[in-house]
$ cat run.pdb   # PDB, C-alpha atoms
MODEL        1
ATOM      1  CA  SER N   1       8.890 -93.239  16.984
ATOM      2  CA  VAL N   2      11.314 -90.647  15.596
ATOM      3  CA  ALA N   3      13.547 -88.147  17.342
ATOM      4  CA  HIS N   4      12.251 -84.584  17.315
ATOM      5  CA  HIS N   5      13.724 -82.351  14.619
ATOM      6  CA  PRO N   6      13.688 -78.521  14.915
ATOM      7  CA  SER N   7      11.540 -78.264  11.768
ATOM      8  CA  ILE N   8       8.911 -80.677  13.084
ATOM      9  CA  PRO N   9       5.814 -78.990  14.539
ATOM     10  CA  SER N  10       5.628 -80.384  18.032
ATOM     11  CA  GLY N  11       2.815 -81.107  20.461
ATOM     12  CA  ARG N  12      -0.252 -78.964  19.851
ATOM     13  CA  CYS N  13       1.240 -77.394  16.713
ATOM     14  CA  ALA N  14       1.714 -80.832  15.151
ATOM     15  CA  ARG N  15      -1.953 -81.613  15.716
ATOM     16  CA  LEU N  16      -2.918 -78.261  14.212
ATOM     17  CA  ALA N  17      -0.690 -78.921  11.209
ATOM     18  CA  LEU N  18      -2.462 -82.191  10.505
ATOM     19  CA  ALA N  19      -5.811 -80.437  10.837
ATOM     20  CA  HIS N  20      -5.023 -77.405   8.663
ATOM     21  CA  LEU N  21      -2.382 -78.547   6.183
ATOM     22  CA  ASP N  22      -3.606 -79.021   2.622
ATOM     23  CA  MET N  23      -1.853 -82.154   1.379
ATOM     24  CA  THR N  24      -3.536 -82.160  -2.043
ATOM     25  CA  PRO N  25      -0.326 -81.341  -3.974
ATOM     26  CA  LEU N  26       1.174 -84.661  -2.894
ATOM     27  CA  ARG N  27      -1.849 -86.898  -3.365
ATOM     28  CA  GLY N  28      -1.218 -89.475  -6.034
ATOM     29  CA  ASN N  29       2.522 -88.843  -5.795
ATOM     30  CA  MET N  30       3.306 -90.649  -2.559
ATOM     31  CA  SER N  31       1.436 -92.170   0.322
ATOM     32  CA  VAL N  32       0.172 -89.961   3.103
ATOM     33  CA  VAL N  33       2.571 -91.677   5.477
ATOM     34  CA  LYS N  34       5.555 -90.863   3.263
ATOM     35  CA  ALA N  35       4.295 -87.331   2.720
ATOM     36  CA  LEU N  36       4.056 -86.671   6.435
ATOM     37  CA  TYR N  37       7.446 -88.275   7.044
ATOM     38  CA  VAL N  38       9.144 -86.114   4.431
ATOM     39  CA  LEU N  39       7.224 -83.017   5.469
ATOM     40  CA  PHE N  40       8.175 -83.184   9.128
ATOM     41  CA  LEU N  41      11.716 -84.560   8.837
ATOM     42  CA  PHE N  42      13.166 -82.477   6.028
ATOM     43  CA  PRO N  43      14.923 -79.327   7.280
ATOM     44  CA  LEU N  44      13.605 -75.978   6.123
ATOM     45  CA  SER N  45      15.378 -74.389   3.210
ATOM     46  CA  VAL N  46      16.983 -70.954   3.559
ATOM     47  CA  ASN N  47      14.304 -69.549   1.276
ATOM     48  CA  ALA N  48      11.571 -70.941   3.499
ATOM     49  CA  GLN N  49      13.086 -69.349   6.572
ATOM     50  CA  GLN N  50      13.426 -66.036   4.734
ATOM     51  CA  MET N  51       9.773 -66.280   3.722
ATOM     52  CA  LEU N  52       8.687 -66.692   7.311
ATOM     53  CA  LYS N  53      10.242 -63.317   8.115
ATOM     54  CA  MET N  54       7.569 -61.744   5.894
ATOM     55  CA  GLY N  55       4.959 -62.776   8.461
ATOM     56  CA  ALA N  56       1.654 -64.559   8.100
ATOM     57  CA  GLY N  57      -0.733 -61.650   8.215
ATOM     58  CA  GLY N  58       0.880 -58.298   8.947
ATOM     59  CA  VAL N  59       0.168 -55.503   6.486
ATOM     60  CA  ARG N  60       3.337 -53.718   5.431
ATOM     61  CA  GLY N  61       3.036 -49.990   4.854
ATOM     62  CA  GLY N  62      -0.427 -49.644   6.400
ATOM     63  CA  ALA N  63      -3.868 -49.886   4.870
ATOM     64  CA  LEU N  64      -4.864 -48.026   1.738
ATOM     65  CA  PRO N  65      -7.219 -45.047   2.221
ATOM     66  CA  GLY N  66     -10.788 -46.334   2.479
ATOM     67  CA  GLU N  67      -9.570 -49.885   2.020
ATOM     68  CA  PRO N  68     -12.072 -52.768   2.219
ATOM     69  CA  ARG N  69     -11.579 -55.557   4.731
ATOM     70  CA  LEU N  70      -8.591 -57.766   3.993
ATOM     71  CA  SER N  71      -9.139 -61.507   4.345
ATOM     72  CA  GLU N  72      -7.092 -63.515   6.818
ATOM     73  CA  GLU N  73      -5.600 -65.579   3.983
ATOM     74  CA  ARG N  74      -2.315 -64.568   2.402
ATOM     75  CA  MET N  75      -0.903 -66.045  -0.799
ATOM     76  CA  VAL N  76       2.843 -65.927  -1.380
ATOM     77  CA  PHE N  77       4.733 -66.233  -4.669
ATOM     78  CA  GLN N  78       8.383 -67.246  -4.507
ATOM     79  CA  THR N  79       9.894 -65.911  -7.726
ATOM     80  CA  SER N  80      13.302 -65.885  -9.338
ATOM     81  CA  TYR N  81      13.632 -62.237  -8.243
ATOM     82  CA  GLY N  82      12.285 -62.454  -4.710
ATOM     83  CA  ASP N  83       9.116 -63.149  -2.775
ATOM     84  CA  ILE N  84       5.810 -61.293  -2.701
ATOM     85  CA  GLU N  85       2.716 -61.684  -0.517
ATOM     86  CA  PHE N  86      -0.899 -60.897  -1.425
ATOM     87  CA  GLY N  87      -3.978 -60.167   0.679
ATOM     88  CA  PHE N  88      -7.547 -60.307  -0.642
ATOM     89  CA  TYR N  89     -10.859 -58.426  -0.593
ATOM     90  CA  PRO N  90     -13.563 -61.106  -0.125
ATOM     91  CA  ASP N  91     -16.291 -58.526   0.455
ATOM     92  CA  VAL N  92     -15.508 -56.794  -2.854
ATOM     93  CA  ALA N  93     -14.845 -59.722  -5.210
ATOM     94  CA  PRO N  94     -15.841 -62.956  -3.418
ATOM     95  CA  VAL N  95     -15.962 -65.210  -6.489
ATOM     96  CA  THR N  96     -12.613 -64.006  -7.819
ATOM     97  CA  VAL N  97     -10.923 -64.295  -4.421
ATOM     98  CA  GLN N  98     -12.178 -67.835  -3.910
ATOM     99  CA  HIS N  99     -10.986 -68.825  -7.399
ATOM    100  CA  ILE N 100      -7.494 -67.333  -7.024
ATOM    101  CA  LEU N 101      -7.031 -68.889  -3.588
ATOM    102  CA  ARG N 102      -8.141 -72.253  -4.936
ATOM    103  CA  LEU N 103      -5.552 -72.005  -7.728
ATOM    104  CA  GLY N 104      -2.920 -71.089  -5.158
ATOM    105  CA  ARG N 105      -3.765 -74.008  -2.889
ATOM    106  CA  LEU N 106      -3.635 -76.395  -5.843
ATOM    107  CA  GLY N 107      -0.167 -75.141  -6.791
ATOM    108  CA  ALA N 108      -1.460 -74.024 -10.178
ATOM    109  CA  TYR N 109       0.794 -70.952 -10.262
ATOM    110  CA  ASN N 110       3.945 -73.007  -9.611
ATOM    111  CA  SER N 111       6.372 -72.713 -12.569
ATOM    112  CA  ASN N 112       4.196 -69.959 -14.086
ATOM    113  CA  HIS N 113       5.673 -66.495 -14.699
ATOM    114  CA  PHE N 114       5.157 -62.747 -14.928
ATOM    115  CA  PHE N 115       4.974 -62.355 -18.698
ATOM    116  CA  ARG N 116       4.522 -58.586 -18.677
ATOM    117  CA  VAL N 117       6.343 -55.808 -16.837
ATOM    118  CA  ASP N 118       5.275 -52.342 -17.947
ATOM    119  CA  ARG N 119       7.131 -49.843 -15.747
ATOM    120  CA  GLY N 120       4.760 -47.573 -13.834
ATOM    121  CA  PHE N 121       1.730 -49.547 -15.015
ATOM    122  CA  VAL N 122       1.462 -53.311 -14.341
ATOM    123  CA  ALA N 123       3.332 -56.551 -13.762
ATOM    124  CA  GLN N 124       1.050 -59.255 -15.111
ATOM    125  CA  VAL N 125       0.951 -62.956 -14.245
ATOM    126  CA  ALA N 126       0.327 -65.276 -17.195
ATOM    127  CA  ASP N 127      -2.632 -67.636 -17.390
ATOM    128  CA  VAL N 128      -1.708 -70.886 -15.693
ATOM    129  CA  VAL N 129      -2.919 -72.774 -18.761
ATOM    130  CA  GLY N 130      -0.071 -72.174 -21.173
ATOM    131  CA  GLY N 131       2.068 -70.116 -18.795
ATOM    132  CA  ARG N 132       3.552 -72.913 -16.705
ATOM    133  CA  SER N 133       6.753 -74.751 -17.600
ATOM    134  CA  LEU N 134       5.567 -77.864 -15.741
ATOM    135  CA  PRO N 135       2.579 -79.995 -16.782
ATOM    136  CA  MET N 136      -0.694 -79.514 -14.937
ATOM    137  CA  ASP N 137      -2.567 -82.229 -13.104
ATOM    138  CA  SER N 138      -6.287 -82.741 -13.703
ATOM    139  CA  ARG N 139      -7.421 -80.616 -10.746
ATOM    140  CA  GLN N 140      -5.187 -77.706 -11.723
ATOM    141  CA  GLN N 141      -6.413 -77.950 -15.304
ATOM    142  CA  GLN N 142     -10.051 -78.048 -14.231
ATOM    143  CA  GLU N 143      -9.729 -74.964 -12.042
ATOM    144  CA  GLY N 144      -7.402 -73.156 -14.462
ATOM    145  CA  VAL N 145      -9.911 -73.066 -17.308
ATOM    146  CA  LYS N 146     -12.772 -71.748 -15.177
ATOM    147  CA  THR N 147     -13.926 -68.196 -15.835
ATOM    148  CA  VAL N 148     -15.084 -65.757 -13.187
ATOM    149  CA  PRO N 149     -17.703 -63.027 -13.543
ATOM    150  CA  ALA N 150     -16.811 -59.356 -13.462
ATOM    151  CA  GLU N 151     -16.970 -57.943  -9.933
ATOM    152  CA  PHE N 152     -16.375 -54.257 -10.576
ATOM    153  CA  SER N 153     -16.308 -51.975  -7.550
ATOM    154  CA  ASP N 154     -15.326 -48.527  -6.337
ATOM    155  CA  VAL N 155     -11.903 -49.757  -5.181
ATOM    156  CA  ARG N 156      -9.343 -47.750  -7.129
ATOM    157  CA  HIS N 157      -6.534 -49.052  -9.289
ATOM    158  CA  VAL N 158      -3.521 -47.754  -7.364
ATOM    159  CA  ARG N 159       0.004 -49.088  -6.905
ATOM    160  CA  GLY N 160      -0.001 -52.515  -5.282
ATOM    161  CA  VAL N 161      -3.591 -53.595  -5.971
ATOM    162  CA  LEU N 162      -4.417 -56.848  -7.757
ATOM    163  CA  SER N 163      -6.558 -56.568 -10.863
ATOM    164  CA  MET N 164      -8.037 -59.523 -12.725
ATOM    165  CA  GLY N 165      -7.022 -59.984 -16.350
ATOM    166  CA  ARG N 166      -9.663 -60.658 -18.990
ATOM    167  CA  TRP N 167     -10.460 -60.528 -22.679
ATOM    168  CA  ASP N 168     -13.042 -58.200 -24.232
ATOM    169  CA  ASP N 169     -15.822 -60.055 -22.439
ATOM    170  CA  PRO N 170     -15.932 -58.678 -18.857
ATOM    171  CA  ASN N 171     -16.755 -62.187 -17.625
ATOM    172  CA  SER N 172     -13.778 -63.906 -19.278
ATOM    173  CA  GLY N 173     -11.196 -63.774 -16.473
ATOM    174  CA  THR N 174      -9.460 -67.074 -15.744
ATOM    175  CA  SER N 175      -6.154 -66.997 -13.811
ATOM    176  CA  SER N 176      -4.097 -64.116 -15.184
ATOM    177  CA  PHE N 177      -3.947 -61.003 -13.011
ATOM    178  CA  SER N 178      -1.942 -57.812 -12.755
ATOM    179  CA  VAL N 179      -0.117 -56.197  -9.876
ATOM    180  CA  LEU N 180      -0.372 -52.430 -10.326
ATOM    181  CA  LEU N 181       3.014 -50.661 -10.500
ATOM    182  CA  GLY N 182       1.374 -47.258 -10.495
ATOM    183  CA  ASN N 183      -2.003 -45.566 -10.377
ATOM    184  CA  ALA N 184      -4.266 -46.378 -13.337
ATOM    185  CA  PRO N 185      -7.642 -44.624 -12.914
ATOM    186  CA  HIS N 186      -8.648 -45.523 -16.487
ATOM    187  CA  LEU N 187      -8.990 -49.140 -15.295
ATOM    188  CA  ASP N 188     -11.469 -48.279 -12.533
ATOM    189  CA  HIS N 189     -14.897 -49.928 -12.996
ATOM    190  CA  GLN N 190     -13.478 -51.794 -16.008
ATOM    191  CA  TYR N 191     -11.481 -54.547 -14.267
ATOM    192  CA  THR N 192     -12.028 -56.477 -11.045
ATOM    193  CA  VAL N 193      -9.875 -55.401  -8.101
ATOM    194  CA  PHE N 194      -9.647 -58.319  -5.663
ATOM    195  CA  GLY N 195      -6.695 -57.673  -3.342
ATOM    196  CA  ARG N 196      -3.327 -56.018  -2.905
ATOM    197  CA  VAL N 197       0.314 -56.564  -2.064
ATOM    198  CA  THR N 198       0.838 -56.936   1.688
ATOM    199  CA  ALA N 199       4.583 -57.706   1.729
ATOM    200  CA  GLY N 200       7.435 -57.916  -0.759
ATOM    201  CA  TRP N 201       7.223 -54.378  -2.162
ATOM    202  CA  GLU N 202      10.923 -54.565  -2.921
ATOM    203  CA  LEU N 203      10.146 -57.171  -5.588
ATOM    204  CA  LEU N 204       7.962 -54.692  -7.472
ATOM    205  CA  ALA N 205      10.754 -52.123  -7.372
ATOM    206  CA  ARG N 206      13.211 -54.698  -8.648
ATOM    207  CA  LEU N 207      10.954 -55.781 -11.510
ATOM    208  CA  GLU N 208      10.800 -52.213 -12.749
ATOM    209  CA  THR N 209      14.590 -52.189 -13.172
ATOM    210  CA  LEU N 210      14.614 -55.189 -15.529
ATOM    211  CA  GLU N 211      15.376 -54.868 -19.212
ATOM    212  CA  THR N 212      12.229 -55.158 -21.321
ATOM    213  CA  LYS N 213      11.110 -55.479 -24.919
ATOM    214  CA  ARG N 214       7.896 -54.581 -26.687
ATOM    215  CA  GLU N 215       5.830 -57.243 -28.439
ATOM    216  CA  GLY N 216       2.683 -55.764 -29.918
ATOM    217  CA  MET N 217       0.752 -54.039 -27.131
ATOM    218  CA  PHE N 218       2.769 -55.679 -24.336
ATOM    219  CA  VAL N 219       6.001 -54.607 -22.656
ATOM    220  CA  MET N 220       7.685 -57.848 -21.613
ATOM    221  CA  PRO N 221      10.803 -58.737 -19.596
ATOM    222  CA  ARG N 222      13.694 -60.150 -21.596
ATOM    223  CA  GLU N 223      14.333 -62.759 -18.911
ATOM    224  CA  ARG N 224      11.654 -65.101 -17.582
ATOM    225  CA  ILE N 225      10.377 -64.123 -14.122
ATOM    226  CA  THR N 226       9.476 -67.571 -12.838
ATOM    227  CA  ILE N 227       7.079 -68.235  -9.980
ATOM    228  CA  HIS N 228       8.905 -71.196  -8.453
ATOM    229  CA  SER N 229       6.375 -71.981  -5.745
ATOM    230  CA  THR N 230       3.187 -70.717  -4.169
ATOM    231  CA  TYR N 231       1.596 -71.231  -0.798
ATOM    232  CA  VAL N 232      -1.431 -69.933   1.064
ATOM    233  CA  VAL N 233      -1.302 -69.065   4.749
ATOM    234  CA  ASP N 234      -4.613 -69.497   6.537
ATOM    235  CA  ALA N 235      -5.080 -67.645   9.808
ATOM    236  CA  LEU N 236      -5.834 -70.223  12.484
ATOM    237  CA  SER N 237      -9.250 -69.873  14.044
ATOM    238  CA  GLU N 238      -8.390 -70.251  17.702
ATOM    239  CA  ALA N 239      -6.848 -67.233  19.419
ATOM    240  CA  GLY N 240      -4.231 -69.384  21.105
ATOM    241  CA  ASP N 241      -3.043 -70.864  17.820
ATOM    242  CA  ALA N 242      -1.127 -67.787  16.639
ATOM    243  CA  GLY N 243       2.155 -69.167  17.936
ATOM    244  CA  CYS N 244       1.906 -72.103  15.522
ATOM    245  CA  VAL N 245       1.501 -69.997  12.367
ATOM    246  CA  GLN N 246       5.194 -69.929  11.462
ATOM    247  CA  GLU N 247       5.647 -73.668  11.864
ATOM    248  CA  LEU N 248       2.521 -74.396   9.851
ATOM    249  CA  SER N 249       3.530 -71.923   7.121
ATOM    250  CA  ALA N 250       6.926 -73.585   6.797
ATOM    251  CA  SER N 251       5.317 -77.005   6.526
ATOM    252  CA  LYS N 252       2.982 -75.823   3.792
ATOM    253  CA  MET N 253       5.883 -74.416   1.835
ATOM    254  CA  ARG N 254       7.796 -77.667   2.143
ATOM    255  CA  VAL N 255       4.880 -79.579   0.596
ATOM    256  CA  VAL N 256       4.931 -77.213  -2.386
ATOM    257  CA  GLN N 257       8.707 -77.494  -2.782
ATOM    258  CA  LEU N 258       8.638 -81.282  -2.630
ATOM    259  CA  ASN N 259       5.879 -81.433  -5.199
ATOM    260  CA  ASN N 260       7.875 -79.185  -7.569
ATOM    261  CA  GLU N 261      10.972 -81.338  -7.135
ATOM    262  CA  LEU N 262       8.966 -84.475  -7.804
ATOM    263  CA  GLN N 263       7.395 -83.055 -10.965
ATOM    264  CA  ARG N 264      10.797 -81.975 -12.309
ATOM    265  CA  THR N 265      12.253 -85.406 -11.617
ATOM    266  CA  ARG N 266       9.360 -87.129 -13.350
ATOM    267  CA  GLN N 267       9.632 -84.796 -16.317
ATOM    268  CA  ALA N 268      13.378 -85.460 -16.633
ATOM    269  CA  ARG N 269      13.071 -89.226 -16.360
ATOM    270  CA  PHE N 270       9.820 -89.681 -18.287
ATOM    271  CA  PRO N 271       9.723 -86.944 -20.958
TER     272      PRO N 271
ENDMDL
END

$ encode --input "run.pdb" --output "structure tokens"
Amino acid sequence: SVAHHPSIPSGRCARLALAHLDMTPLRGNMSVVKALYVLFLFPLSVNAQQMLKMGAGGVRGGALPGEPRLSEERMVFQTSYGDIEFGFYPDVAPVTVQHILRLGRLGAYNSNHFFRVDRGFVAQVADVVGGRSLPMDSRQQQEGVKTVPAEFSDVRHVRGVLSMGRWDDPNSGTSSFSVLLGNAPHLDHQYTVFGRVTAGWELLARLETLETKREGMFVMPRERITIHSTYVVDALSEAGDAGCVQELSASKMRVVQLNNELQRTRQARFP
């Protein structure tokens, strides 16, 4: 047996972690035994502890007027300029929400970036296929090339909502999406709204201060805004499990961080 470490979920929380934790990022990289050992014995990074302060499900700033139901899942991007948390509208765009959450759980957005920052309009995440600096595994590749159908609704394009990117074909969305930096009514009923920012509004404000350049129709940041890691927080089903959310969230983040470190090491040693 091992001595208890402050970052190890203990007792009931440890059992919940094993039941709810998605270990897929580490499969094929190390044995499950090693993965669990590293996961529960490594101390939390400062960034992980800061992330926990954002909370697992609280909505910052209150609900939008007439807002649809927000799902219990939250997806968090840790970027080079700060962290941001997203909530989703499964009743409005169920296929899109399921697809984006699947990409998040697979770590497909890790090492991707915001390729576009148009002040007062949108900050847009690049497609994971071609946008990442790290190679993709087969599951990420398979999900990343999938397209989702248009799920247009009456939800308005206002600051903070998430809007699916696409080509001319309304059913051509893959993994790129925009975070609205302002109201854009001309996009209503033309693009799929599938969620909104629930925490990390300060990141949006910071992005709008960055120096940009214009390339064709896009306004792009001069410096790369990297998404270092991604994790999805799932609300635990049992009412008494709420106290374990922070420990479970930290464990999920550690899996993502370890996977990123491993991929970088492999890339450096085996180019």

$ resolve_selection --input "run.pdb" --expression "the PyMOL selection byres ((chain N and resi 163) around 6)" --output "MDAnalysis selection string"
chainID N and resid 162 164 177:178 192:193

$ residues_around --input "run.pdb" --residues "range 181-187 of chain N" --least-positions-apart "2" --cutoff "10 Å" --atoms "all atoms listed in the file" --output "mmCIF file with C-alpha atoms, in the coordinates of the input"
data_model
loop_
_atom_site.group_PDB
_atom_site.id
_atom_site.type_symbol
_atom_site.label_atom_id
_atom_site.label_comp_id
_atom_site.auth_asym_id
_atom_site.auth_seq_id
_atom_site.Cartn_x
_atom_site.Cartn_y
_atom_site.Cartn_z
ATOM 1 C CA VAL N 117 6.343 -55.808 -16.837
ATOM 2 C CA ASP N 118 5.275 -52.342 -17.947
ATOM 3 C CA ARG N 119 7.131 -49.843 -15.747
ATOM 4 C CA GLY N 120 4.760 -47.573 -13.834
ATOM 5 C CA PHE N 121 1.730 -49.547 -15.015
ATOM 6 C CA VAL N 122 1.462 -53.311 -14.341
ATOM 7 C CA ALA N 123 3.332 -56.551 -13.762
ATOM 8 C CA GLN N 124 1.050 -59.255 -15.111
ATOM 9 C CA ARG N 156 -9.343 -47.750 -7.129
ATOM 10 C CA HIS N 157 -6.534 -49.052 -9.289
ATOM 11 C CA VAL N 158 -3.521 -47.754 -7.364
ATOM 12 C CA ARG N 159 0.004 -49.088 -6.905
ATOM 13 C CA GLY N 160 -0.001 -52.515 -5.282
ATOM 14 C CA VAL N 161 -3.591 -53.595 -5.971
ATOM 15 C CA SER N 163 -6.558 -56.568 -10.863
ATOM 16 C CA SER N 178 -1.942 -57.812 -12.755
ATOM 17 C CA VAL N 179 -0.117 -56.197 -9.876
ATOM 18 C CA HIS N 189 -14.897 -49.928 -12.996
ATOM 19 C CA GLN N 190 -13.478 -51.794 -16.008
ATOM 20 C CA TYR N 191 -11.481 -54.547 -14.267
ATOM 21 C CA THR N 192 -12.028 -56.477 -11.045
ATOM 22 C CA VAL N 193 -9.875 -55.401 -8.101
ATOM 23 C CA LEU N 204 7.962 -54.692 -7.472
ATOM 24 C CA ALA N 205 10.754 -52.123 -7.372
ATOM 25 C CA LEU N 207 10.954 -55.781 -11.510
ATOM 26 C CA GLU N 208 10.800 -52.213 -12.749
#

$ residues_around --input "run.pdb" --residues "Ala150 in chain N" --least-positions-apart "4" --cutoff "12 Å" --atoms "all atoms listed in the file" --output "list in words"
Val92, Ala93, Pro94, Val95, Thr96, Val97, Ser163, Met164, Gly165, Arg166, Trp167, Asp168, Asp169, Pro170, Asn171, Ser172, Gly173, Thr174, His189, Gln190, Tyr191, Thr192, Val193 and Phe194 of chain N

$ write_last_selection --input "run.pdb" --atoms "C-alpha atoms" --output "PDB file, in the frame of the given file"
ATOM      1  CA  VAL N  92     -15.508 -56.794  -2.854  1.00  0.00           C
ATOM      2  CA  ALA N  93     -14.845 -59.722  -5.210  1.00  0.00           C
ATOM      3  CA  PRO N  94     -15.841 -62.956  -3.418  1.00  0.00           C
ATOM      4  CA  VAL N  95     -15.962 -65.210  -6.489  1.00  0.00           C
ATOM      5  CA  THR N  96     -12.613 -64.006  -7.819  1.00  0.00           C
ATOM      6  CA  VAL N  97     -10.923 -64.295  -4.421  1.00  0.00           C
ATOM      7  CA  SER N 163      -6.558 -56.568 -10.863  1.00  0.00           C
ATOM      8  CA  MET N 164      -8.037 -59.523 -12.725  1.00  0.00           C
ATOM      9  CA  GLY N 165      -7.022 -59.984 -16.350  1.00  0.00           C
ATOM     10  CA  ARG N 166      -9.663 -60.658 -18.990  1.00  0.00           C
ATOM     11  CA  TRP N 167     -10.460 -60.528 -22.679  1.00  0.00           C
ATOM     12  CA  ASP N 168     -13.042 -58.200 -24.232  1.00  0.00           C
ATOM     13  CA  ASP N 169     -15.822 -60.055 -22.439  1.00  0.00           C
ATOM     14  CA  PRO N 170     -15.932 -58.678 -18.857  1.00  0.00           C
ATOM     15  CA  ASN N 171     -16.755 -62.187 -17.625  1.00  0.00           C
ATOM     16  CA  SER N 172     -13.778 -63.906 -19.278  1.00  0.00           C
ATOM     17  CA  GLY N 173     -11.196 -63.774 -16.473  1.00  0.00           C
ATOM     18  CA  THR N 174      -9.460 -67.074 -15.744  1.00  0.00           C
ATOM     19  CA  HIS N 189     -14.897 -49.928 -12.996  1.00  0.00           C
ATOM     20  CA  GLN N 190     -13.478 -51.794 -16.008  1.00  0.00           C
ATOM     21  CA  TYR N 191     -11.481 -54.547 -14.267  1.00  0.00           C
ATOM     22  CA  THR N 192     -12.028 -56.477 -11.045  1.00  0.00           C
ATOM     23  CA  VAL N 193      -9.875 -55.401  -8.101  1.00  0.00           C
ATOM     24  CA  PHE N 194      -9.647 -58.319  -5.663  1.00  0.00           C
TER      25      PHE N 194
END

$ atom_distance --input "run.pdb" --atom1 "CA of Tyr109 in chain N" --atom2 "CA of Gly200 in chain N"
17.4 Å

$ atom_distance --input "run.pdb" --atom1 "CA of Glu211 in chain N" --atom2 "CA of His228 in chain N"
20.6 Å

$ closest_residue --input "run.pdb" --among "N:Glu151, N:Glu85, N:Asp137, N:Glu67" --to "Gly107 in chain N" --atoms "only C-alpha atoms"
N:Asp137

$ resolve_selection --input "run.pdb" --expression "the PyMOL selection byres ((chain N and resi 103) around 12)" --output "number ranges by chain"
N: 24-25, 75, 96-102, 104-110, 112, 127-129, 136-137, 139-146, 174-176, 230-232

$ closest_residue --input "run.pdb" --among "N:Pro90, N:Ser111, N:Asp234, N:Ile225" --to "Leu134 in chain N" --atoms "only C-alpha atoms"
N:Ser111

$ atom_distance --input "run.pdb" --atom1 "CA of Pro135 in chain N" --atom2 "CA of Glu261 in chain N"
12.9 Å

$ closest_residue --input "run.pdb" --among "N:Val155, N:Val256, N:Leu203, N:Leu210" --to "Ser229 in chain N" --atoms "only C-alpha atoms"
N:Val256
